[in-house]
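Trainee: So here's structure00.csv, just CSV, C-alpha atoms and all ligand atoms:
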chain,number,residue,atom,x,y,z
A,1496,MET,CA,-12.2,-20.9,69.8
A,1497,SER,CA,-8.4,-21.3,69.3
A,1498,LYS,CA,-7.8,-21.4,73.1
A,1499,HIS,CA,-10.1,-24.4,73.4
A,1500,LEU,CA,-8.1,-26.4,70.9
A,1501,GLY,CA,-4.7,-26.4,72.5
A,1502,THR,CA,-1.5,-26.2,70.6
A,1503,ILE,CA,-2.5,-28.8,68.0
A,1504,TRP,CA,-5.9,-30.2,67.1
A,1505,ASN,CA,-7.7,-32.8,65.0
A,1506,LEU,CA,-7.8,-32.6,61.2
A,1507,ASP,CA,-11.3,-32.4,59.7
A,1508,PRO,CA,-11.8,-33.9,56.3
A,1509,HIS,CA,-12.7,-30.5,54.9
A,1510,THR,CA,-9.4,-29.2,56.2
A,1511,ALA,CA,-7.6,-31.9,54.3
A,1512,LYS,CA,-9.5,-30.8,51.2
A,1513,LYS,CA,-8.5,-27.2,51.8
A,1514,HIS,CA,-4.9,-28.4,51.9
A,1515,GLU,CA,-5.4,-30.4,48.7
A,1516,LEU,CA,-6.7,-27.3,47.0
A,1517,LEU,CA,-3.8,-25.2,48.3
A,1518,ARG,CA,-1.2,-27.8,47.3
A,1519,ARG,CA,-2.7,-28.3,43.8
A,1520,TYR,CA,-2.8,-24.6,43.1
A,1521,PHE,CA,0.7,-24.0,44.6
A,1522,VAL,CA,2.1,-26.8,42.4
A,1523,ALA,CA,0.6,-25.2,39.3
A,1524,TRP,CA,1.6,-21.6,40.4
A,1525,LEU,CA,5.2,-22.3,41.2
A,1526,PRO,CA,6.6,-23.1,37.7
A,1527,ILE,CA,4.6,-20.4,36.0
A,1528,MET,CA,5.9,-17.7,38.3
A,1529,ALA,CA,9.4,-19.1,38.6
A,1530,LYS,CA,9.9,-19.1,34.9
A,1531,TRP,CA,10.0,-15.3,34.6
A,1532,ASN,CA,11.0,-14.2,38.1
A,1533,GLY,CA,14.2,-14.5,40.1
A,1534,ARG,CA,12.2,-14.5,43.3
A,1535,ILE,CA,8.7,-15.6,44.2
A,1536,VAL,CA,7.0,-15.3,47.6
A,1537,TYR,CA,4.5,-17.4,49.5
A,1538,ILE,CA,3.0,-16.1,52.7
A,1539,ASP,CA,0.9,-18.1,55.1
A,1540,GLY,CA,-0.7,-15.4,57.3
A,1541,PHE,CA,-2.3,-17.8,59.9
A,1542,ALA,CA,0.2,-20.6,59.7
A,1543,GLY,CA,-0.8,-22.8,62.7
A,1544,PRO,CA,1.4,-25.3,64.5
A,1545,GLY,CA,2.5,-27.2,61.3
A,1546,ARG,CA,1.0,-30.5,62.4
A,1547,TYR,CA,-2.3,-32.0,63.4
A,1548,SER,CA,-3.0,-34.4,66.2
A,1549,LYS,CA,-2.5,-37.6,64.2
A,1550,GLY,CA,0.7,-36.3,62.6
A,1551,GLU,CA,-0.9,-34.9,59.5
A,1552,ASP,CA,0.8,-31.9,57.8
A,1553,GLY,CA,-0.3,-28.4,58.5
A,1554,SER,CA,-0.4,-25.9,55.7
A,1555,PRO,CA,3.2,-24.7,56.0
A,1556,VAL,CA,4.5,-28.3,55.6
A,1557,VAL,CA,2.0,-29.0,52.8
A,1558,VAL,CA,3.5,-26.1,50.8
A,1559,LEU,CA,7.2,-26.7,51.7
A,1560,LYS,CA,6.9,-30.4,50.7
A,1561,ALA,CA,5.1,-29.4,47.4
A,1562,ALA,CA,8.0,-27.0,46.6
A,1563,ARG,CA,10.7,-29.5,47.6
A,1564,ASP,CA,9.2,-32.4,45.7
A,1565,HIS,CA,8.2,-30.5,42.6
A,1566,SER,CA,9.1,-32.1,39.3
A,1567,TYR,CA,10.0,-28.7,37.8
A,1568,ALA,CA,13.5,-27.8,38.9
A,1569,ILE,CA,13.1,-24.1,39.7
A,1570,LYS,CA,16.1,-21.9,39.5
A,1571,SER,CA,14.5,-18.9,41.2
A,1572,GLU,CA,14.4,-18.3,44.9
A,1573,LEU,CA,11.2,-19.2,46.7
A,1574,VAL,CA,10.7,-17.3,50.0
A,1575,CYS,CA,8.1,-18.8,52.4
A,1576,LEU,CA,7.0,-16.6,55.2
A,1577,PHE,CA,4.8,-18.0,58.0
A,1578,VAL,CA,3.0,-15.8,60.5
A,1579,GLU,CA,1.5,-17.2,63.6
A,1580,ASP,CA,0.3,-15.2,66.6
A,1581,ASP,CA,0.2,-17.9,69.3
A,1582,LEU,CA,3.6,-18.4,70.9
A,1583,GLU,CA,3.2,-22.2,71.5
A,1584,ARG,CA,2.0,-22.9,68.0
A,1585,CYS,CA,4.7,-20.7,66.7
A,1586,GLU,CA,7.4,-22.7,68.6
A,1587,HIS,CA,5.7,-25.9,67.5
A,1588,LEU,CA,5.9,-24.8,63.9
A,1589,LYS,CA,9.5,-23.8,64.1
A,1590,SER,CA,10.4,-27.2,65.5
A,1591,VAL,CA,8.3,-29.1,62.9
A,1592,LEU,CA,10.0,-27.1,60.1
A,1593,GLY,CA,13.4,-27.4,61.8
A,1594,GLU,CA,13.0,-31.2,61.6
A,1595,MET,CA,12.6,-31.1,57.8
A,1596,SER,CA,15.0,-28.2,57.1
A,1597,GLU,CA,17.9,-30.5,56.0
A,1598,THR,CA,15.7,-31.8,53.2
A,1599,ILE,CA,14.8,-28.4,51.9
A,1600,PRO,CA,17.1,-27.1,49.1
A,1601,ASP,CA,18.9,-23.7,49.5
A,1602,ARG,CA,16.8,-21.9,46.9
A,1603,ILE,CA,13.8,-22.4,49.2
A,1604,LYS,CA,14.0,-20.0,52.1
A,1605,TRP,CA,11.6,-20.1,55.0
A,1606,GLN,CA,11.0,-18.0,58.1
A,1607,VAL,CA,8.5,-18.1,60.9
A,1608,PHE,CA,7.3,-14.9,62.5
A,1609,LYS,CA,5.5,-14.6,65.8
A,1610,GLY,CA,2.9,-11.9,65.3
A,1611,LYS,CA,-0.4,-10.8,63.8
A,1612,PHE,CA,-1.2,-11.3,60.2
A,1613,ASP,CA,-2.6,-7.8,59.8
A,1614,GLU,CA,0.3,-6.0,61.5
A,1615,HIS,CA,3.0,-8.1,59.8
A,1616,LEU,CA,1.5,-7.7,56.3
A,1617,THR,CA,0.8,-3.9,56.7
A,1618,LYS,CA,4.5,-3.4,57.8
A,1619,THR,CA,5.9,-5.5,55.0
A,1620,PHE,CA,3.9,-3.8,52.3
A,1621,ALA,CA,4.6,-0.3,53.7
A,1622,LEU,CA,8.3,-1.1,53.6
A,1623,ILE,CA,8.1,-2.3,50.0
A,1624,GLU,CA,6.2,0.9,49.0
A,1625,ALA,CA,8.7,3.2,50.9
A,1626,GLN,CA,11.6,1.5,49.1
A,1627,LYS,CA,9.7,1.9,45.8
A,1628,LYS,CA,10.5,-1.7,45.1
A,1629,ASN,CA,8.5,-3.9,42.9
A,1630,ILE,CA,7.0,-6.7,44.9
A,1631,ALA,CA,7.8,-10.2,43.7
A,1632,PRO,CA,4.9,-12.4,42.6
A,1633,THR,CA,3.3,-13.4,45.9
A,1634,LEU,CA,0.6,-15.9,46.9
A,1635,VAL,CA,-0.9,-15.1,50.3
A,1636,PHE,CA,-2.9,-17.8,52.2
A,1637,ILE,CA,-5.2,-16.3,54.8
A,1638,ASP,CA,-6.7,-19.0,57.0
A,1639,PRO,CA,-8.0,-17.6,60.3
A,1640,PHE,CA,-10.2,-19.2,63.0
A,1641,GLY,CA,-12.7,-16.3,63.1
A,1642,PHE,CA,-13.4,-13.1,61.2
A,1643,SER,CA,-12.0,-10.3,63.4
A,1644,HIS,CA,-8.3,-10.4,62.2
A,1645,THR,CA,-8.7,-10.1,58.5
A,1646,PRO,CA,-9.5,-6.5,57.7
A,1647,PHE,CA,-10.6,-6.0,54.1
A,1648,ALA,CA,-8.3,-3.0,53.9
A,1649,THR,CA,-5.3,-5.3,54.3
A,1650,ILE,CA,-6.5,-7.7,51.8
A,1651,SER,CA,-7.2,-4.9,49.3
A,1652,LYS,CA,-3.7,-3.5,49.9
A,1653,ILE,CA,-2.2,-6.9,49.0
A,1654,LEU,CA,-4.3,-7.2,45.9
A,1655,LYS,CA,-3.5,-3.7,44.7
A,1656,ASN,CA,-0.2,-5.2,43.7
A,1657,SER,CA,-1.0,-6.8,40.4
A,1658,ARG,CA,1.3,-9.7,41.0
A,1659,CYS,CA,-0.2,-10.7,44.3
A,1660,GLU,CA,-2.9,-13.2,44.8
A,1661,VAL,CA,-4.9,-14.3,47.9
A,1662,LEU,CA,-6.6,-17.5,49.0
A,1663,ILE,CA,-8.9,-16.5,51.9
A,1664,ASN,CA,-10.8,-18.7,54.3
A,1665,PHE,CA,-14.0,-16.6,54.8
A,1666,MET,CA,-15.5,-17.9,58.0
A,1667,TYR,CA,-19.1,-17.8,56.8
A,1668,GLU,CA,-20.7,-19.8,59.7
A,1669,GLU,CA,-19.3,-17.4,62.4
A,1670,VAL,CA,-19.9,-14.3,60.3
A,1671,ASN,CA,-23.6,-15.3,59.9
A,1672,ARG,CA,-24.0,-16.4,63.6
A,1673,PHE,CA,-23.0,-13.1,65.2
A,1674,LEU,CA,-24.2,-10.7,62.5
A,1675,SER,CA,-27.0,-9.1,64.6
A,1676,LEU,CA,-24.7,-8.4,67.6
A,1677,GLU,CA,-24.6,-4.6,67.8
A,1678,LYS,CA,-21.3,-4.6,69.6
A,1679,LEU,CA,-19.6,-6.3,66.7
A,1680,SER,CA,-20.8,-4.0,64.0
A,1681,ASN,CA,-17.4,-2.2,63.8
A,1682,ASP,CA,-15.7,-5.6,63.3
A,1683,TYR,CA,-18.1,-6.3,60.4
A,1684,ASP,CA,-17.3,-2.9,58.8
A,1685,VAL,CA,-13.6,-3.8,59.0
A,1686,LEU,CA,-14.1,-7.4,57.7
A,1687,PHE,CA,-16.2,-6.3,54.7
A,1688,GLY,CA,-14.5,-3.0,54.1
A,1689,THR,CA,-18.0,-1.5,53.7
A,1690,THR,CA,-21.2,-0.8,55.7
A,1691,GLU,CA,-23.3,-2.4,53.0
A,1692,TRP,CA,-23.4,-5.7,55.0
A,1693,ARG,CA,-26.1,-4.2,57.2
A,1694,VAL,CA,-28.7,-5.0,54.5
A,1695,LEU,CA,-28.1,-8.7,55.5
A,1696,LEU,CA,-29.9,-8.1,58.8
A,1697,ASP,CA,-33.2,-7.8,56.9
A,1698,ILE,CA,-32.8,-11.2,55.1
A,1699,SER,CA,-34.3,-14.0,57.2
A,1700,GLU,CA,-34.4,-16.8,54.7
A,1701,ALA,CA,-31.2,-18.8,55.4
A,1702,ASP,CA,-30.1,-19.6,51.8
A,1703,GLN,CA,-30.8,-16.1,50.6
A,1704,ARG,CA,-28.8,-14.7,53.4
A,1705,LYS,CA,-25.9,-17.1,52.8
A,1706,GLN,CA,-25.9,-16.1,49.1
A,1707,ALA,CA,-26.0,-12.4,50.0
A,1708,ILE,CA,-23.1,-12.7,52.5
A,1709,HIS,CA,-21.1,-14.5,49.9
A,1710,ASP,CA,-22.0,-11.9,47.2
A,1711,ILE,CA,-21.1,-8.9,49.3
A,1712,TYR,CA,-17.6,-10.3,50.1
A,1713,LEU,CA,-17.2,-11.3,46.4
A,1714,LYS,CA,-18.2,-7.8,45.3
A,1715,GLN,CA,-15.7,-6.3,47.7
A,1716,LEU,CA,-12.9,-8.5,46.5
A,1717,ARG,CA,-13.7,-7.6,42.9
A,1718,THR,CA,-13.0,-3.9,43.8
A,1719,ALA,CA,-9.4,-5.0,44.4
A,1720,ALA,CA,-8.8,-7.9,42.0
A,1721,ARG,CA,-10.0,-8.6,38.5
A,1722,TYR,CA,-10.9,-12.2,39.0
A,1723,VAL,CA,-12.5,-13.9,42.1
A,1724,HIS,CA,-13.7,-17.4,42.5
A,1725,SER,CA,-15.1,-19.2,45.6
A,1726,PHE,CA,-15.3,-22.8,46.9
A,1727,GLU,CA,-17.8,-23.8,49.6
A,1728,MET,CA,-16.8,-26.1,52.5
A,1729,LEU,CA,-19.6,-27.9,54.4
A,1730,ASN,CA,-19.3,-29.6,57.8
A,1731,LYS,CA,-20.5,-33.0,59.1
A,1732,GLY,CA,-24.1,-31.7,59.4
A,1733,ASN,CA,-23.9,-30.7,55.7
A,1734,SER,CA,-24.2,-27.0,56.4
A,1735,THR,CA,-21.7,-24.4,55.2
A,1736,ASP,CA,-18.7,-23.8,57.4
A,1737,TYR,CA,-16.7,-21.5,55.2
A,1738,PHE,CA,-16.0,-20.2,51.7
A,1739,LEU,CA,-12.6,-20.2,50.3
A,1740,PHE,CA,-12.2,-17.1,48.1
A,1741,PHE,CA,-9.4,-16.9,45.5
A,1742,ALA,CA,-8.7,-13.4,44.1
A,1743,THR,CA,-6.1,-12.6,41.4
A,1744,ASN,CA,-5.4,-10.2,38.6
A,1745,ASN,CA,-4.1,-13.0,36.5
A,1746,LEU,CA,-6.3,-15.0,34.1
A,1747,LYS,CA,-3.9,-17.9,34.1
A,1748,GLY,CA,-3.9,-17.9,37.9
A,1749,LEU,CA,-7.7,-18.1,37.8
A,1750,GLU,CA,-7.6,-21.0,35.3
A,1751,LYS,CA,-5.2,-22.9,37.5
A,1752,MET,CA,-7.2,-22.4,40.6
A,1753,LYS,CA,-10.4,-23.5,38.9
A,1754,GLU,CA,-8.6,-26.6,37.7
A,1755,ALA,CA,-7.6,-27.3,41.3
A,1756,MET,CA,-11.2,-26.7,42.4
A,1757,TRP,CA,-12.5,-29.1,39.8
A,1758,LYS,CA,-10.0,-31.7,40.9
A,1759,VAL,CA,-11.2,-31.4,44.5
A,1760,ASP,CA,-14.8,-31.5,43.5
A,1761,ASP,CA,-15.2,-33.1,40.1
A,1762,THR,CA,-19.0,-32.3,39.9
A,1763,GLY,CA,-18.2,-28.6,39.2
A,1764,SER,CA,-20.4,-27.5,42.0
A,1765,PHE,CA,-17.4,-25.9,43.8
A,1766,GLN,CA,-18.1,-27.5,47.2
A,1767,PHE,CA,-16.9,-30.2,49.5
A,1768,SER,CA,-19.0,-31.6,52.3
A,1769,ASP,CA,-17.7,-33.6,55.3
A,1770,TYR,CA,-21.3,-35.0,55.4
A,1771,HIS,CA,-21.2,-36.4,51.8
A,1772,ASP,CA,-17.6,-37.5,52.2
A,1773,ALA,CA,-18.5,-39.6,55.2
A,1774,ARG,CA,-21.3,-41.3,53.2
A,1775,ARG,CA,-19.2,-41.3,50.0
A,1776,LEU,CA,-22.1,-39.7,48.1
A,1777,MET,CA,-19.8,-37.4,46.1
A,1778,SER,CA,-18.6,-40.3,44.0
A,1779,LEU,CA,-22.2,-40.9,42.7
A,1780,PHE,CA,-21.9,-37.7,40.8
A,1781,SER,CA,-18.3,-38.1,39.6
A,1782,ASP,CA,-16.8,-38.3,36.1
A,1783,HIS,CA,-19.6,-36.7,34.1
A,1784,PRO,CA,-20.0,-33.0,34.9
A,1785,ASN,CA,-23.2,-31.5,33.5
A,1786,LEU,CA,-22.0,-29.3,30.6
A,1787,ALA,CA,-25.5,-28.3,29.4
A,1788,PRO,CA,-25.3,-25.0,31.4
A,1789,LEU,CA,-22.1,-24.1,29.5
A,1790,ARG,CA,-23.9,-24.6,26.2
A,1791,GLU,CA,-26.8,-22.5,27.4
A,1792,MET,CA,-24.5,-19.7,28.6
A,1793,ILE,CA,-22.8,-19.6,25.2
A,1794,VAL,CA,-26.1,-19.4,23.4
A,1795,SER,CA,-27.5,-16.7,25.6
A,1796,LYS,CA,-24.3,-14.6,25.5
A,1797,PHE,CA,-23.1,-15.0,21.9
A,1798,SER,CA,-26.2,-15.8,19.8
A,1799,GLY,CA,-26.0,-13.9,16.5
A,1800,THR,CA,-22.4,-12.7,17.2
A,1801,ARG,CA,-18.9,-13.8,16.1
A,1802,ILE,CA,-15.9,-14.4,18.3
A,1803,SER,CA,-12.4,-16.0,18.1
A,1804,ILE,CA,-11.8,-19.3,19.9
A,1805,ASN,CA,-9.1,-17.6,21.9
A,1806,ASP,CA,-11.5,-15.0,23.3
A,1807,LEU,CA,-14.2,-17.6,23.9
A,1808,ASN,CA,-11.7,-19.6,25.8
A,1809,ASP,CA,-10.8,-16.6,28.0
A,1810,TRP,CA,-14.5,-15.9,28.6
A,1811,VAL,CA,-15.1,-19.5,29.8
A,1812,ILE,CA,-12.3,-19.1,32.3
A,1813,ALA,CA,-13.3,-15.6,33.5
A,1814,GLU,CA,-17.0,-15.7,33.4
A,1815,THR,CA,-18.2,-19.3,33.8
A,1816,PRO,CA,-17.6,-22.1,36.3
A,1817,PHE,CA,-16.2,-24.2,33.5
A,1818,LEU,CA,-12.7,-24.9,32.2
A,1819,PRO,CA,-11.2,-24.7,28.6
A,1820,LYS,CA,-11.2,-28.5,28.5
A,1821,HIS,CA,-15.0,-28.5,28.7
A,1822,LEU,CA,-15.3,-26.2,25.7
A,1823,LYS,CA,-14.2,-27.6,22.3
A,1824,ARG,CA,-15.0,-31.2,22.0
A,1825,PRO,CA,-17.7,-31.5,24.6
A,1826,VAL,CA,-19.7,-28.4,23.7
A,1827,LEU,CA,-18.6,-26.6,20.5
A,1828,ALA,CA,-18.3,-29.8,18.4
A,1829,PRO,CA,-21.9,-30.9,19.1
A,1830,MET,CA,-23.1,-27.3,18.5
A,1831,GLU,CA,-21.4,-27.3,15.1
A,1832,GLU,CA,-23.0,-30.6,14.4
A,1833,ASP,CA,-26.4,-29.2,15.3
A,1834,GLY,CA,-26.0,-26.1,13.2
A,1835,GLU,CA,-25.8,-23.8,16.2
A,1836,LEU,CA,-22.5,-22.4,15.2
A,1837,SER,CA,-20.5,-22.0,12.0
A,1838,VAL,CA,-16.8,-21.5,11.5
A,1839,ILE,CA,-16.2,-18.4,9.4
A,1840,GLY,CA,-12.4,-18.3,9.7
A,1841,ALA,CA,-10.0,-21.2,10.1
A,1842,LYS,CA,-6.7,-22.7,8.9
A,1843,PRO,CA,-7.0,-24.5,5.5
A,1844,ASN,CA,-8.0,-28.1,5.7
A,1845,ARG,CA,-9.7,-27.7,9.1
A,1846,ARG,CA,-11.6,-30.8,10.3
A,1847,ARG,CA,-15.2,-30.3,11.5
A,1848,GLY,CA,-15.4,-30.3,15.3
A,1849,THR,CA,-11.8,-29.0,15.8
A,1850,PHE,CA,-11.1,-25.4,16.8
A,1851,SER,CA,-7.4,-24.5,16.7
A,1852,ASP,CA,-6.0,-21.0,17.7
A,1853,GLY,CA,-7.3,-18.2,15.6
A,1854,THR,CA,-10.5,-20.0,14.5
A,1855,ILE,CA,-13.4,-17.5,14.2
A,1856,LEU,CA,-16.9,-18.7,15.2
A,1857,LYS,CA,-20.3,-17.4,14.4
A,1858,PHE,CA,-23.2,-18.4,16.6
A,1859,ALA,CA,-26.7,-18.8,15.1
A,1901,LIG,C1,-7.1,-22.2,61.2
A,1901,LIG,S1,-5.6,-22.1,62.1
A,1901,LIG,C2,-4.4,-22.2,60.8
A,1901,LIG,C3,-4.3,-23.6,60.2
A,1901,LIG,C4,-3.2,-23.7,59.2
A,1901,LIG,N1,-3.3,-22.6,58.2
A,1901,LIG,C5,-3.3,-25.0,58.5
A,1901,LIG,O1,-4.0,-25.1,57.5
A,1901,LIG,O2,-2.6,-26.0,59.0
A,1901,LIG,C6,-5.5,-20.4,62.5
A,1901,LIG,C7,-4.2,-20.1,63.2
A,1901,LIG,O3,-4.0,-18.6,63.2
A,1901,LIG,C8,-3.5,-18.3,64.5
A,1901,LIG,N2,-3.9,-16.8,64.7
A,1901,LIG,C9,-4.9,-16.3,65.4
A,1901,LIG,N3,-5.0,-15.0,65.2
A,1901,LIG,C10,-3.9,-14.7,64.4
A,1901,LIG,C11,-3.4,-13.4,63.9
A,1901,LIG,N4,-4.1,-12.3,64.1
A,1901,LIG,N5,-2.3,-13.4,63.1
A,1901,LIG,C12,-1.7,-14.6,62.9
A,1901,LIG,N6,-2.1,-15.8,63.4
A,1901,LIG,C13,-3.2,-15.8,64.1
A,1901,LIG,C14,-4.1,-19.3,65.5
A,1901,LIG,O4,-3.3,-19.4,66.6
A,1901,LIG,C15,-4.1,-20.5,64.6
A,1901,LIG,O5,-2.9,-21.3,64.8
Translate the structure of the given file into structure tokens.
Mentor:
Amino acid sequence: MSKHLGTIWNLDPHTAKKHELLRRYFVAWLPIMAKWNGRIVYIDGFAGPGRYSKGEDGSPVVVLKAARDHSYAIKSELVCLFVEDDLERCEHLKSVLGEMSETIPDRIKWQVFKGKFDEHLTKTFALIEAQKKNIAPTLVFIDPFGFSHTPFATISKILKNSRCEVLINFMYEEVNRFLSLEKLSNDYDVLFGTTEWRVLLDISEADQRKQAIHDIYLKQLRTAARYVHSFEMLNKGNSTDYFLFFATNNLKGLEKMKEAMWKVDDTGSFQFSDYHDARRLMSLFSDHPNLAPLREMIVSKFSGTRISINDLNDWVIAETPFLPKHLKRPVLAPMEEDGELSVIGAKPNRRRGTFSDGTILKFA
């Protein structure tokens, strides 16, 4: 596929959305990590040429500009490493970044490597291990064209470092298309890091199979990282092109990524479609996410039990599609009004419908 495209290619609307998600998360991640660490690292494992055919920014430029233009004046060093295997794209990227290098402050270092993601990351992590060094907080963006260069073993190795996070483009459409090709079975073992994917061959119903492919990869990521969340990208024909999977060991990281995903798709369905975008259908659903499922999930999980507002907040981030902002006023306040919850511990003079830190709730 990459060879057909030439050195640079056209930007699809869903690629622009992918960049928006990356940028929004990076902007949230940067000050949180920079506050406590002298050095933080961003790795783009499939960096591309840095620019699209109409001059739009590629992912390395999206991130460097976000770091440069950030309102928070970071004092730590940010190291950005860009890996690209195609020589011409690599040279193109160097020249694009070279053009903007004078505008990049000294505390932001960047370097472009010609080579393969897998080999480069394996070498880097082996070196860190050998030197018994603590790895700096690292965000790794993994954005391949296909599925044969992203071994699960490498991704798992990255995530075993508790301060590393990954955003992976899982190429669902291609994964699904070639699944029954016997000669690729080893590639699938390597991609999934398990032979379990073979059960997919017995699923003929398209939606079921899509869900099962998604779920096997999600389950695998959960063996390496505590929290995993996905976002679905659909093409012009409104069928799924790929899933972006975010994996982290950090609850705050998960919260920030979910916030970014809700910004990109404010319906809370965690998807973006080129098809709907072209017809502007998404806006019909905007502004009023349906929060009824959150209320139902709370009732089914906590009925008859007590919990602090802080723990409930963490549960919403970790176990539901929703965000903390959806919890108190939109859901808990009406539940209190309807007698579905009572407050059994709170600061003196608490007002009904408010739930400050430390408040203890009991669900009917
Ligand atoms: C989807 S494009 C990346 C686009 C880029 N991340 C962006 O958003 O602007 C994938 C890139 O990975 C490069 N590539 C292919 N195999 C690779 C490998 N094993 N390691 C690193 N780069 C590779 C391709 O040449 C291509 O430029």
Trainee: Residues within 7 Å of ligand LIG 1901 (chain A) should be enumerated using all atoms listed in the file and returned as a list in words.
Mentor: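 Written in the requested form, the residues are Ser1497, Thr1510, His1514, Asp1539, Gly1540, Phe1541, Ala1542, Gly1543, Pro1544, Gly1545, Arg1546, Asp1552, Gly1553, Ser1554, Pro1555, Val1578, Glu1579, Asp1580, Asp1581, Arg1584, Gly1610, Lys1611, Phe1612, Asp1613, Asp1638, Pro1639, Phe1640 and His1644 of chain A.
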Trainee: I want to know what sits within 9 Å of stretch 1592-1596 of chain A, based on only C-alpha atoms, with residues of the same chain fewer than 3 positions away left out; could you give that as number ranges by chain?
Mentor: A: 1545, 1555-1556, 1559, 1587-1589, 1599-1600, 1605
Trainee: Hey, what's within 9 Å of A:Gly1533 if we count only C-alpha atoms and toss same-chain stuff fewer than 5 positions away? As an MDAnalysis selection string, please?
Mentor: chainID A and resid 1570:1573 1631
Trainee: For A:Ser1548, which residue among A:Trp1504, A:Phe1521, A:Phe1740, A:Tyr1683 is the nearest when counting only C-alpha atoms?
Mentor: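 So, comparing all the options, the nearest one is A:Trp1504.
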Trainee: Within 12 Å of A:Ala1719, counting all atoms listed in the file, which residues qualify if same-chain residues fewer than 3 places away don't, as a ChimeraX atom specification?
Mentor: /A:1647-1657,1659-1661,1688,1712-1716,1722-1723,1741-1744
Trainee: Using C-alpha atoms, can you write the selected residues to a file as an mmCIF file, in the frame of the given file?
Mentor:
data_model
loop_
_atom_site.group_PDB
_atom_site.id
_atom_site.type_symbol
_atom_site.label_atom_id
_atom_site.label_comp_id
_atom_site.auth_asym_id
_atom_site.auth_seq_id
_atom_site.Cartn_x
_atom_site.Cartn_y
_atom_site.Cartn_z
ATOM 1 C CA PHE A 1647 -10.600 -6.000 54.100
ATOM 2 C CA ALA A 1648 -8.300 -3.000 53.900
ATOM 3 C CA THR A 1649 -5.300 -5.300 54.300
ATOM 4 C CA ILE A 1650 -6.500 -7.700 51.800
ATOM 5 C CA SER A 1651 -7.200 -4.900 49.300
ATOM 6 C CA LYS A 1652 -3.700 -3.500 49.900
ATOM 7 C CA ILE A 1653 -2.200 -6.900 49.000
ATOM 8 C CA LEU A 1654 -4.300 -7.200 45.900
ATOM 9 C CA LYS A 1655 -3.500 -3.700 44.700
ATOM 10 C CA ASN A 1656 -0.200 -5.200 43.700
ATOM 11 C CA SER A 1657 -1.000 -6.800 40.400
ATOM 12 C CA CYS A 1659 -0.200 -10.700 44.300
ATOM 13 C CA GLU A 1660 -2.900 -13.200 44.800
ATOM 14 C CA VAL A 1661 -4.900 -14.300 47.900
ATOM 15 C CA GLY A 1688 -14.500 -3.000 54.100
ATOM 16 C CA TYR A 1712 -17.600 -10.300 50.100
ATOM 17 C CA LEU A 1713 -17.200 -11.300 46.400
ATOM 18 C CA LYS A 1714 -18.200 -7.800 45.300
ATOM 19 C CA GLN A 1715 -15.700 -6.300 47.700
ATOM 20 C CA LEU A 1716 -12.900 -8.500 46.500
ATOM 21 C CA TYR A 1722 -10.900 -12.200 39.000
ATOM 22 C CA VAL A 1723 -12.500 -13.900 42.100
ATOM 23 C CA PHE A 1741 -9.400 -16.900 45.500
ATOM 24 C CA ALA A 1742 -8.700 -13.400 44.100
ATOM 25 C CA THR A 1743 -6.100 -12.600 41.400
ATOM 26 C CA ASN A 1744 -5.400 -10.200 38.600
#
Trainee: What is the atom CA of A:Gly1732 to atom CA of A:Gln1766 distance in Å?
Mentor: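 Separation between atom CA of A:Gly1732 and atom CA of A:Gln1766: 14.2 Å.
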Trainee: In Å, how far is it from atom CA of A:Asn1671 to atom CA of A:Ala1707?
Mentor: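 Interatomic distance here is 10.6 Å.
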Trainee: Do a neighbour search on A:Asn1629 at 12 Å with only C-alpha atoms, toss out local chain neighbours closer than 6 positions, and write the hits as a ChimeraX atom specification.
Mentor: /A:1532,1534-1535,1620,1622-1623,1656-1659
